[in-house]
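Colleague: Handing over run-v1.csv, CSV, C-alpha atoms.
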```
chain,number,residue,atom,x,y,z
A,1,MET,CA,-12.3,-202.4,-83.9
A,2,PHE,CA,-10.8,-199.7,-86.3
A,3,GLY,CA,-7.9,-201.9,-87.5
A,4,SER,CA,-10.0,-205.0,-87.8
A,5,ARG,CA,-12.9,-203.3,-89.6
A,6,LEU,CA,-10.6,-201.5,-92.0
A,7,GLY,CA,-8.9,-204.7,-93.0
A,8,ASP,CA,-12.3,-206.2,-93.7
A,9,GLN,CA,-13.3,-203.3,-95.9
A,10,LEU,CA,-10.1,-203.6,-98.0
A,11,LEU,CA,-11.0,-207.2,-98.8
A,12,LEU,CA,-14.7,-206.4,-99.4
A,13,PHE,CA,-13.7,-203.8,-101.9
A,14,VAL,CA,-11.5,-205.9,-104.1
A,15,VAL,CA,-13.4,-209.2,-104.3
A,16,PRO,CA,-16.3,-208.1,-106.6
A,17,LEU,CA,-14.1,-205.8,-108.6
A,18,VAL,CA,-11.4,-208.4,-109.2
A,19,VAL,CA,-13.9,-211.1,-110.2
A,20,PHE,CA,-15.8,-208.8,-112.6
A,21,GLN,CA,-12.7,-207.4,-114.2
A,22,THR,CA,-11.2,-210.9,-114.6
A,23,THR,CA,-14.2,-212.7,-115.9
A,24,GLY,CA,-16.4,-209.8,-117.3
A,25,SER,CA,-19.4,-211.6,-116.0
A,26,VAL,CA,-22.0,-210.1,-113.6
A,27,SER,CA,-23.3,-213.6,-112.9
A,28,LEU,CA,-19.9,-214.8,-111.6
A,29,SER,CA,-19.6,-211.5,-109.6
A,30,GLY,CA,-22.9,-212.3,-107.9
A,31,LEU,CA,-21.9,-215.9,-107.3
A,32,ALA,CA,-18.6,-214.7,-105.8
A,33,PHE,CA,-20.6,-212.5,-103.4
A,34,ALA,CA,-22.7,-215.6,-102.4
A,35,ALA,CA,-19.5,-217.6,-101.9
A,36,GLU,CA,-18.1,-214.8,-99.7
A,37,THR,CA,-21.2,-214.3,-97.5
A,38,LEU,CA,-22.6,-217.9,-97.1
A,39,PRO,CA,-19.8,-219.3,-94.9
A,40,ARG,CA,-19.8,-216.4,-92.5
A,41,ILE,CA,-23.6,-216.6,-92.2
A,42,LEU,CA,-23.7,-220.4,-91.5
A,43,CYS,CA,-21.2,-220.0,-88.7
A,44,PHE,CA,-23.2,-217.5,-86.7
A,45,PRO,CA,-25.0,-220.0,-84.4
A,46,VAL,CA,-21.7,-221.8,-83.5
A,47,CYS,CA,-19.9,-218.4,-83.0
A,48,GLY,CA,-22.8,-217.2,-80.8
A,49,ILE,CA,-22.5,-220.3,-78.5
A,50,LEU,CA,-18.7,-219.8,-78.3
A,51,ALA,CA,-19.3,-216.1,-77.3
A,52,ASP,CA,-21.4,-217.2,-74.4
A,53,ARG,CA,-18.9,-219.9,-73.2
A,54,PHE,CA,-15.5,-218.3,-73.6
A,55,SER,CA,-13.8,-215.0,-73.0
A,56,PRO,CA,-14.9,-212.5,-75.7
A,57,VAL,CA,-11.5,-210.9,-75.7
A,58,THR,CA,-9.8,-214.2,-76.4
A,59,LEU,CA,-12.3,-214.9,-79.2
A,60,VAL,CA,-11.6,-211.5,-80.8
A,61,ARG,CA,-7.9,-212.1,-80.7
A,62,ILE,CA,-8.2,-215.5,-82.3
A,63,SER,CA,-10.4,-213.9,-85.0
A,64,GLN,CA,-7.8,-211.2,-85.8
A,65,ALA,CA,-4.8,-213.5,-85.7
A,66,GLY,CA,-6.6,-216.1,-87.8
A,67,ARG,CA,-7.5,-213.6,-90.5
A,68,SER,CA,-3.9,-212.4,-90.8
A,69,LEU,CA,-2.9,-216.1,-91.2
A,70,VAL,CA,-5.5,-216.6,-93.9
A,71,CYS,CA,-4.2,-213.6,-95.8
A,72,ALA,CA,-0.7,-215.0,-95.7
A,73,ILE,CA,-1.7,-218.5,-96.9
A,74,GLY,CA,-3.8,-217.1,-99.7
A,75,LEU,CA,-1.0,-214.9,-101.0
A,76,LEU,CA,1.3,-217.9,-101.0
A,77,GLY,CA,-1.2,-219.9,-103.0
A,78,GLN,CA,-1.6,-217.0,-105.5
A,79,TYR,CA,2.2,-216.8,-105.9
A,80,PHE,CA,2.6,-220.5,-106.7
A,81,MET,CA,-0.8,-221.1,-108.5
A,82,PRO,CA,-2.2,-217.8,-109.8
A,83,HIS,CA,-6.0,-217.8,-109.9
A,84,VAL,CA,-8.9,-215.4,-109.1
A,85,GLY,CA,-10.3,-218.1,-106.8
A,86,TRP,CA,-7.7,-217.2,-104.2
A,87,ILE,CA,-9.1,-213.8,-103.4
A,88,VAL,CA,-12.6,-215.3,-103.1
A,89,ALA,CA,-11.2,-218.0,-100.7
A,90,ILE,CA,-9.4,-215.4,-98.6
A,91,ALA,CA,-12.5,-213.3,-98.3
A,92,ALA,CA,-14.7,-216.4,-97.5
A,93,LEU,CA,-12.4,-217.8,-94.8
A,94,SER,CA,-11.8,-214.3,-93.3
A,95,GLY,CA,-15.5,-213.8,-93.2
A,96,VAL,CA,-15.9,-216.8,-91.0
A,97,LEU,CA,-13.4,-215.4,-88.5
A,98,THR,CA,-15.0,-212.0,-88.9
A,99,THR,CA,-18.2,-213.6,-87.7
A,100,GLN,CA,-16.5,-214.8,-84.5
A,101,GLY,CA,-15.1,-211.4,-83.8
A,102,PHE,CA,-18.4,-209.7,-84.4
A,103,MET,CA,-20.3,-212.1,-82.0
A,104,ALA,CA,-17.6,-211.6,-79.3
A,105,ARG,CA,-17.9,-207.8,-79.7
A,106,GLU,CA,-21.7,-208.0,-79.5
A,107,VAL,CA,-21.4,-209.8,-76.1
A,108,MET,CA,-18.6,-207.4,-74.9
A,109,LEU,CA,-20.3,-204.1,-75.7
A,110,PRO,CA,-23.2,-204.3,-73.1
A,111,GLN,CA,-20.6,-205.3,-70.5
A,112,ILE,CA,-18.2,-202.5,-71.2
A,113,PHE,CA,-20.8,-199.7,-71.5
A,114,LYS,CA,-23.2,-200.7,-68.7
A,115,ASP,CA,-24.3,-197.2,-67.9
A,116,VAL,CA,-24.9,-196.0,-71.5
A,117,THR,CA,-28.1,-196.5,-73.6
A,118,PHE,CA,-27.5,-199.4,-75.9
A,119,THR,CA,-29.0,-197.5,-78.9
A,120,LYS,CA,-26.3,-194.9,-78.4
A,121,VAL,CA,-23.6,-197.5,-78.0
A,122,GLN,CA,-24.6,-199.2,-81.2
A,123,SER,CA,-24.9,-195.9,-83.1
A,124,TYR,CA,-21.4,-194.8,-82.1
A,125,ALA,CA,-19.9,-198.3,-82.6
A,126,GLN,CA,-21.3,-198.4,-86.1
A,127,SER,CA,-20.0,-194.9,-86.7
A,128,VAL,CA,-16.5,-196.2,-86.0
A,129,ASP,CA,-17.2,-198.9,-88.6
A,130,GLN,CA,-18.3,-196.3,-91.1
A,131,ILE,CA,-15.0,-194.4,-90.8
A,132,CYS,CA,-13.4,-197.6,-92.0
A,133,VAL,CA,-15.9,-198.0,-94.7
A,134,VAL,CA,-15.0,-194.5,-95.9
A,135,LEU,CA,-11.2,-195.1,-95.8
A,136,GLY,CA,-11.3,-198.7,-97.1
A,137,PRO,CA,-12.3,-198.0,-100.7
A,138,VAL,CA,-10.0,-195.0,-101.0
A,139,ILE,CA,-7.0,-197.0,-99.7
A,140,ALA,CA,-7.9,-200.2,-101.6
A,141,ALA,CA,-8.5,-198.3,-104.9
A,142,ALA,CA,-5.1,-196.6,-104.7
A,143,LEU,CA,-3.3,-199.8,-103.8
A,144,PHE,CA,-5.2,-201.8,-106.4
A,145,ASN,CA,-4.4,-199.4,-109.3
A,146,LEU,CA,-0.7,-199.2,-108.4
A,147,PHE,CA,0.2,-202.7,-107.3
A,148,GLY,CA,-2.8,-205.1,-107.8
A,149,TRP,CA,-5.0,-206.9,-105.4
A,150,GLU,CA,-2.2,-208.9,-103.7
A,151,ILE,CA,-0.9,-205.7,-102.0
A,152,VAL,CA,-4.4,-205.0,-100.8
A,153,VAL,CA,-4.4,-208.4,-99.1
A,154,VAL,CA,-1.0,-207.6,-97.5
A,155,MET,CA,-2.4,-204.4,-96.1
A,156,SER,CA,-5.4,-206.2,-94.7
A,157,GLY,CA,-3.2,-208.8,-93.0
A,158,ALA,CA,-1.0,-206.1,-91.5
A,159,LEU,CA,-4.2,-204.3,-90.1
A,160,PHE,CA,-5.4,-207.5,-88.5
A,161,VAL,CA,-2.0,-208.0,-86.8
A,162,SER,CA,-2.1,-204.4,-85.5
A,163,ALA,CA,-5.7,-204.8,-84.3
A,164,ASP,CA,-4.6,-207.8,-82.3
A,165,ALA,CA,-1.8,-205.8,-80.7
A,166,LEU,CA,-4.1,-202.9,-79.9
A,167,ILE,CA,-6.8,-205.0,-78.2
A,168,SER,CA,-4.0,-206.7,-76.1
A,169,ILE,CA,-2.9,-203.2,-75.0
A,170,TRP,CA,-6.5,-202.1,-74.3
A,171,ARG,CA,-7.1,-205.2,-72.1
A,172,ARG,CA,-4.0,-204.5,-70.0
A,173,LEU,CA,-5.0,-200.9,-69.4
A,174,SER,CA,-8.7,-201.4,-68.9
A,175,ASP,CA,-10.3,-202.3,-65.6
A,176,VAL,CA,-13.5,-203.5,-67.1
A,177,GLU,CA,-14.6,-206.9,-65.7
A,178,LEU,CA,-15.8,-209.3,-68.4
A,179,LYS,CA,-17.6,-212.5,-67.8
A,180,GLU,CA,-15.5,-215.7,-67.4
A,181,ALA,CA,-15.7,-218.8,-69.5
A,182,LYS,CA,-18.5,-221.2,-68.5
A,183,PRO,CA,-18.4,-225.0,-68.9
A,184,LEU,CA,-21.1,-226.5,-71.2
A,185,GLU,CA,-23.9,-228.1,-69.1
A,186,GLY,CA,-26.1,-230.8,-70.5
A,187,HIS,CA,-26.2,-232.2,-74.1
A,188,TRP,CA,-24.2,-230.3,-76.8
A,189,THR,CA,-27.5,-229.4,-78.5
A,190,LYS,CA,-28.8,-227.6,-75.5
A,191,PRO,CA,-27.6,-224.1,-76.6
A,192,PHE,CA,-29.3,-224.5,-79.9
A,193,ARG,CA,-32.5,-225.6,-78.3
A,194,THR,CA,-32.4,-222.6,-75.9
A,195,ALA,CA,-31.8,-220.2,-78.8
A,196,LEU,CA,-34.6,-221.6,-80.9
A,197,ASN,CA,-37.0,-221.6,-77.9
A,198,HIS,CA,-36.2,-217.9,-77.4
A,199,LEU,CA,-36.7,-217.2,-81.2
A,200,PHE,CA,-40.1,-218.8,-81.4
A,201,TYR,CA,-41.6,-217.8,-78.0
A,202,LEU,CA,-40.1,-214.4,-77.0
A,203,PRO,CA,-42.7,-211.8,-78.0
A,204,GLY,CA,-41.8,-209.8,-81.2
A,205,LEU,CA,-38.6,-211.6,-82.0
A,206,LYS,CA,-39.9,-213.6,-85.0
A,207,ARG,CA,-41.2,-210.4,-86.6
A,208,ILE,CA,-37.9,-208.6,-86.2
A,209,VAL,CA,-36.1,-211.5,-87.8
A,210,ALA,CA,-38.5,-211.5,-90.7
A,211,LEU,CA,-38.2,-207.8,-91.4
A,212,THR,CA,-34.4,-208.0,-91.2
A,213,ALA,CA,-34.3,-210.9,-93.7
A,214,LEU,CA,-36.4,-208.8,-96.1
A,215,VAL,CA,-34.1,-205.7,-95.7
A,216,ASN,CA,-31.1,-207.9,-96.5
A,217,LEU,CA,-32.6,-208.9,-99.8
A,218,VAL,CA,-32.3,-205.4,-101.2
A,219,PHE,CA,-29.1,-204.6,-99.3
A,220,GLY,CA,-27.4,-207.8,-100.6
A,221,VAL,CA,-28.4,-207.4,-104.2
A,222,THR,CA,-27.2,-203.8,-104.0
A,223,LEU,CA,-23.8,-204.8,-102.7
A,224,ALA,CA,-23.5,-207.8,-105.1
A,225,THR,CA,-24.2,-205.6,-108.2
A,226,SER,CA,-22.6,-202.3,-107.3
A,227,ALA,CA,-19.2,-203.1,-109.0
A,228,SER,CA,-20.7,-204.4,-112.2
A,229,MET,CA,-23.3,-201.5,-112.3
A,230,VAL,CA,-20.6,-198.8,-112.0
A,231,THR,CA,-17.9,-200.3,-114.1
A,232,GLY,CA,-20.2,-202.1,-116.5
A,233,LEU,CA,-23.6,-200.5,-117.0
A,234,TYR,CA,-22.4,-196.9,-116.3
A,235,GLU,CA,-18.9,-197.5,-117.9
A,236,GLN,CA,-17.1,-195.7,-115.1
A,237,SER,CA,-13.6,-196.4,-113.7
A,238,GLU,CA,-12.5,-198.0,-110.5
A,239,GLU,CA,-12.2,-194.5,-109.0
A,240,TYR,CA,-15.9,-194.0,-109.4
A,241,TYR,CA,-16.6,-197.3,-107.7
A,242,ALA,CA,-14.4,-196.2,-104.8
A,243,LEU,CA,-16.3,-192.8,-104.8
A,244,LEU,CA,-19.6,-194.7,-104.6
A,245,GLN,CA,-18.4,-196.6,-101.6
A,246,SER,CA,-16.9,-193.7,-99.9
A,247,VAL,CA,-19.8,-191.3,-100.3
A,248,GLY,CA,-22.2,-194.1,-99.2
A,249,ALA,CA,-20.1,-194.6,-96.1
A,250,ILE,CA,-20.1,-190.8,-95.4
A,251,ALA,CA,-23.9,-190.8,-95.7
A,252,THR,CA,-24.2,-193.8,-93.4
A,253,PHE,CA,-21.9,-192.1,-90.9
A,254,ALA,CA,-24.1,-189.0,-90.9
A,255,VAL,CA,-27.3,-191.1,-90.5
A,256,LEU,CA,-25.8,-193.0,-87.5
A,257,LEU,CA,-24.7,-189.8,-85.8
A,258,VAL,CA,-28.2,-188.3,-86.1
A,259,THR,CA,-29.7,-191.6,-84.9
A,260,GLY,CA,-27.4,-191.7,-81.8
A,261,ALA,CA,-28.0,-188.0,-81.0
A,262,SER,CA,-31.7,-188.1,-81.6
A,263,ARG,CA,-34.4,-189.0,-79.1
A,264,LEU,CA,-36.5,-191.0,-81.5
A,265,LYS,CA,-38.4,-193.9,-80.1
A,266,LEU,CA,-37.2,-197.4,-81.2
A,267,THR,CA,-40.5,-197.9,-83.1
A,268,HIS,CA,-39.9,-194.7,-85.1
A,269,ILE,CA,-36.3,-195.7,-85.9
A,270,GLY,CA,-37.6,-199.0,-87.3
A,271,ILE,CA,-40.3,-197.4,-89.4
A,272,ILE,CA,-38.1,-194.6,-90.8
A,273,SER,CA,-35.2,-196.9,-91.7
A,274,TYR,CA,-37.4,-199.5,-93.4
A,275,SER,CA,-39.2,-196.8,-95.5
A,276,GLY,CA,-35.9,-195.3,-96.4
A,277,LEU,CA,-34.6,-198.6,-97.7
A,278,VAL,CA,-37.6,-199.0,-99.9
A,279,ILE,CA,-37.1,-195.5,-101.4
A,280,GLY,CA,-33.4,-196.2,-102.0
A,281,GLY,CA,-34.3,-199.5,-103.8
A,282,VAL,CA,-36.7,-197.6,-106.1
A,283,ILE,CA,-34.1,-195.0,-107.0
A,284,THR,CA,-31.3,-197.5,-107.8
A,285,GLY,CA,-33.6,-199.7,-109.7
A,286,PHE,CA,-35.1,-197.1,-112.0
A,287,THR,CA,-32.1,-194.9,-112.8
A,288,SER,CA,-29.8,-195.1,-115.8
A,289,ASN,CA,-27.5,-192.3,-114.5
A,290,TYR,CA,-24.5,-192.9,-112.3
A,291,TRP,CA,-25.0,-189.9,-110.0
A,292,ILE,CA,-28.7,-190.8,-109.3
A,293,TYR,CA,-27.6,-194.4,-108.7
A,294,LEU,CA,-25.1,-193.0,-106.2
A,295,LEU,CA,-27.9,-191.2,-104.4
A,296,GLY,CA,-30.0,-194.3,-104.2
A,297,TYR,CA,-27.0,-196.3,-103.0
A,298,CYS,CA,-26.3,-193.8,-100.2
A,299,VAL,CA,-30.0,-194.0,-99.1
A,300,ILE,CA,-29.9,-197.8,-99.0
A,301,LEU,CA,-26.6,-197.9,-97.0
A,302,GLY,CA,-27.5,-195.1,-94.7
A,303,PHE,CA,-30.9,-196.5,-93.7
A,304,ASP,CA,-29.7,-200.1,-93.6
A,305,SER,CA,-27.3,-199.0,-90.8
A,306,MET,CA,-30.1,-197.2,-89.1
A,307,PHE,CA,-32.2,-200.3,-89.3
A,308,ASN,CA,-29.3,-202.3,-87.8
A,309,VAL,CA,-29.4,-199.9,-84.8
A,310,TYR,CA,-33.1,-200.7,-84.4
A,311,ILE,CA,-32.8,-204.5,-84.6
A,312,ARG,CA,-29.8,-204.7,-82.3
A,313,SER,CA,-31.3,-202.4,-79.7
A,314,ALA,CA,-34.7,-204.2,-79.9
A,315,ARG,CA,-33.3,-207.7,-79.5
A,316,GLN,CA,-30.9,-206.6,-76.7
A,317,LYS,CA,-34.0,-205.6,-74.7
A,318,ILE,CA,-35.8,-208.9,-75.4
A,319,ILE,CA,-33.2,-211.6,-75.0
A,320,PRO,CA,-32.0,-212.7,-71.6
A,321,PRO,CA,-28.3,-211.6,-71.1
A,322,GLU,CA,-27.1,-215.0,-70.2
A,323,ASP,CA,-28.4,-216.4,-73.5
A,324,TYR,CA,-27.6,-213.4,-75.6
A,325,GLY,CA,-24.7,-214.8,-77.7
A,326,LYS,CA,-26.2,-218.1,-78.6
A,327,THR,CA,-29.6,-216.6,-79.4
A,328,VAL,CA,-28.2,-213.7,-81.5
A,329,GLY,CA,-26.1,-216.2,-83.4
A,330,VAL,CA,-29.2,-218.2,-84.4
A,331,ILE,CA,-31.1,-215.0,-85.1
A,332,ILE,CA,-28.4,-213.7,-87.4
A,333,LEU,CA,-28.4,-216.9,-89.3
A,334,PHE,CA,-32.1,-216.4,-90.1
A,335,ASN,CA,-31.6,-212.7,-90.7
A,336,ASN,CA,-28.8,-213.1,-93.2
A,337,PHE,CA,-29.7,-216.2,-95.2
A,338,THR,CA,-31.1,-213.7,-97.8
A,339,LEU,CA,-27.7,-212.2,-98.4
A,340,PRO,CA,-26.2,-215.2,-100.3
A,341,LEU,CA,-29.7,-215.7,-101.8
A,342,SER,CA,-29.5,-212.2,-103.2
A,343,GLY,CA,-26.1,-213.2,-104.7
A,344,LEU,CA,-27.6,-216.3,-106.3
A,345,LEU,CA,-30.4,-214.2,-107.7
A,346,VAL,CA,-27.9,-211.9,-109.3
A,347,GLY,CA,-26.2,-215.0,-110.7
A,348,LEU,CA,-29.4,-215.7,-112.7
A,349,VAL,CA,-29.2,-212.3,-114.4
A,350,THR,CA,-27.9,-212.8,-117.9
A,351,SER,CA,-26.8,-209.1,-118.5
A,352,VAL,CA,-26.0,-206.1,-116.3
A,353,GLU,CA,-28.8,-204.2,-118.0
A,354,TYR,CA,-31.4,-206.3,-116.2
A,355,THR,CA,-30.1,-205.8,-112.6
A,356,GLY,CA,-32.2,-202.7,-112.2
A,357,TRP,CA,-35.4,-204.7,-112.8
A,358,LEU,CA,-34.2,-207.3,-110.2
A,359,ILE,CA,-33.7,-204.5,-107.6
A,360,LEU,CA,-37.1,-203.1,-108.4
A,361,ALA,CA,-38.8,-206.5,-108.1
A,362,LEU,CA,-37.1,-207.2,-104.7
A,363,THR,CA,-38.0,-203.7,-103.5
A,364,ALA,CA,-41.7,-204.2,-104.3
A,365,PHE,CA,-41.6,-207.6,-102.5
A,366,ILE,CA,-40.1,-206.2,-99.3
A,367,ALA,CA,-42.4,-203.2,-99.3
A,368,SER,CA,-45.6,-205.3,-99.6
A,369,THR,CA,-44.4,-208.0,-97.2
A,370,GLY,CA,-43.2,-205.4,-94.7
A,371,LEU,CA,-46.5,-203.7,-94.8
A,372,ALA,CA,-48.3,-207.0,-94.2
A,373,LEU,CA,-46.1,-207.8,-91.2
A,374,SER,CA,-46.7,-204.3,-89.7
A,375,LEU,CA,-50.5,-204.8,-90.0
A,376,VAL,CA,-50.2,-208.0,-88.0
A,377,GLY,CA,-48.6,-206.1,-85.1
A,378,GLY,CA,-45.9,-203.6,-84.2
A,379,SER,CA,-42.5,-205.4,-84.4
A,380,ALA,CA,-41.0,-203.2,-81.7
A,381,GLN,CA,-43.8,-203.3,-79.1
A,382,PRO,CA,-42.0,-205.7,-76.8
A,383,ALA,CA,-38.8,-203.5,-76.9
A,384,GLU,CA,-40.8,-200.4,-76.2
A,385,ALA,CA,-42.5,-202.1,-73.3
A,386,SER,CA,-39.3,-203.1,-71.6
A,387,GLU,CA,-37.8,-199.7,-72.2
A,388,THR,CA,-40.5,-198.1,-70.0
A,389,GLN,CA,-40.2,-200.5,-67.1
```
Starting from the file, give its structure as structure tokens.
Modeller:
Amino acid sequence: MFGSRLGDQLLLFVVPLVVFQTTGSVSLSGLAFAAETLPRILCFPVCGILADRFSPVTLVRISQAGRSLVCAIGLLGQYFMPHVGWIVAIAALSGVLTTQGFMAREVMLPQIFKDVTFTKVQSYAQSVDQICVVLGPVIAAALFNLFGWEIVVVMSGALFVSADALISIWRRLSDVELKEAKPLEGHWTKPFRTALNHLFYLPGLKRIVALTALVNLVFGVTLATSASMVTGLYEQSEEYYALLQSVGAIATFAVLLVTGASRLKLTHIGIISYSGLVIGGVITGFTSNYWIYLLGYCVILGFDSMFNVYIRSARQKIIPPEDYGKTVGVIILFNNFTLPLSGLLVGLVTSVEYTGWLILALTAFIASTGLALSLVGGSAQPAEASETQ
């Protein structure tokens, strides 16, 4: 997980920075973010079905080997036909394979840690991710300033290869029994129909999906504009952009550790994290100062990770284990369709000076809509009920 996630973070760091520095356009930077996120989101249902049917370890290894191959092909393309589109293509194709690895790990974790509370498992797993989020910008900024983005891609490819080797060693040493591949029964559309049936009829699931889609609006626009805000509006260097990402990751790591160690009820985790995201959106939208923006950015990233712990724990309690992969794949598609939408909204902004108003407008929208959904009924009630059984 460490090697794979660190490789992803290196790519995520350089894409918006390279596009904005090359074109000088916040709109194109936003569109690049949409192009990077849309393919991985559209693949979630298919990847979820595969995670239910095939060995999750095999799928993770395919994901990691595939990403290293994409990096190599992209670098060859850049060598013979230099263009900024290569880095966007590498990130987009790697994102699809990242989706497969993510879904396979989602299926693996409950099987590996059967005797541990899933909320704690998710908190600590995301903490490992955040270590990579801290290291990624620091390493990528150093390599980018010294050698250019191509060397960052080389490092990512090497990390994917090492991750594949490490999971192979882990599997040989581990005595954990993972489920075997299952043949497809019935029509090929049956897994989709099963997942949609769970989504519409399992109590509380639709509300969780709606809240997550709202959260991703503010989270997505924050990610899509952070490079242009720091280097454009605040006129800071790439080092300050790396600082933003690193401090945000440290704050997220701290929030996840507190969440994992706390005895907060699932409902309270959801309420606190959603409220924190709204506060972070207000801070980043209003400020014209880099350091206050950094504070708001940290609040958004930290509480977004806390909200992820909430939704993953809640849906794990609601969804039947045998249908977990396919159902989560469809759910994440609906959860995350607002991420590329946020990139497209940024693409409509004519100048970086107006991005604060966009963040404020979206924050007001998710605050009012989230309140309306909470008045309809508690989104975590089914999860809490199953927790007491």
Colleague: What separation in Å, quoted to one decimal, exists between CA of Lys265 (chain A) and CA of Leu199 (chain A)?
Modeller: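 Interatomic distance, CA of Lys265 (chain A) to CA of Leu199 (chain A): 23.4 Å.
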Colleague: Set the distance at 12 Å and use all atoms listed in the file: which residues neighbour Gln78 (chain A) once local chain neighbours fewer than 2 positions away are removed? I'd like the list as a list of chain:residue names.
Modeller: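 Using all atoms listed in the file, the neighbours found are A:Cys71, A:Ala72, A:Ile73, A:Gly74, A:Leu75, A:Leu76, A:Phe80, A:Met81, A:Pro82, A:His83, A:Val84, A:Gly85, A:Trp86, A:Ile87, A:Val88, A:Ala89, A:Ile90, A:Trp149, A:Glu150, A:Ile151, A:Val153.
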Colleague: Any idea what the distance is between CA of Ile366 (chain A) and CA of Tyr297 (chain A)?
Modeller: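 According to the coordinates, CA of Ile366 (chain A) and CA of Tyr297 (chain A) are separated by 16.8 Å.
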Colleague: Which residues of region 266-369 of chain A sit at most 8 Å from region 49-59 of chain A, using all atoms listed in the file? Give each one's shortest atom pair and distance in Å (one decimal place), in chain and ascending residue order, as JSON lines.
Modeller:
```
{"residue": "A:Glu322", "atom": "CA", "partner": "A:Asp52", "partner_atom": "CA", "distance": 7.4}
{"residue": "A:Asp323", "atom": "CA", "partner": "A:Asp52", "partner_atom": "CA", "distance": 7.1}
{"residue": "A:Tyr324", "atom": "CA", "partner": "A:Asp52", "partner_atom": "CA", "distance": 7.4}
{"residue": "A:Gly325", "atom": "CA", "partner": "A:Asp52", "partner_atom": "CA", "distance": 5.2}
{"residue": "A:Lys326", "atom": "CA", "partner": "A:Ile49", "partner_atom": "CA", "distance": 4.3}
{"residue": "A:Gly329", "atom": "CA", "partner": "A:Ile49", "partner_atom": "CA", "distance": 7.3}
```
Colleague: Go ahead and write the selection's residues with C-alpha atoms as a short mmCIF file (atom, residue, chain, number, x, y, z; two decimals), in the frame of the given file.
Modeller:
```cif
data_model
loop_
_atom_site.label_atom_id
_atom_site.label_comp_id
_atom_site.auth_asym_id
_atom_site.auth_seq_id
_atom_site.Cartn_x
_atom_site.Cartn_y
_atom_site.Cartn_z
CA GLU A 322 -27.10 -215.00 -70.20
CA ASP A 323 -28.40 -216.40 -73.50
CA TYR A 324 -27.60 -213.40 -75.60
CA GLY A 325 -24.70 -214.80 -77.70
CA LYS A 326 -26.20 -218.10 -78.60
CA GLY A 329 -26.10 -216.20 -83.40
#
```
Colleague: Ranking A:Ala314, A:Leu6, A:Leu159, A:Val96 by minimum distance to Thr267 (chain A) and counting only C-alpha atoms, which one comes first?
Modeller: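 Of the candidates, the smallest distance to Thr267 (chain A) is held by A:Ala314.
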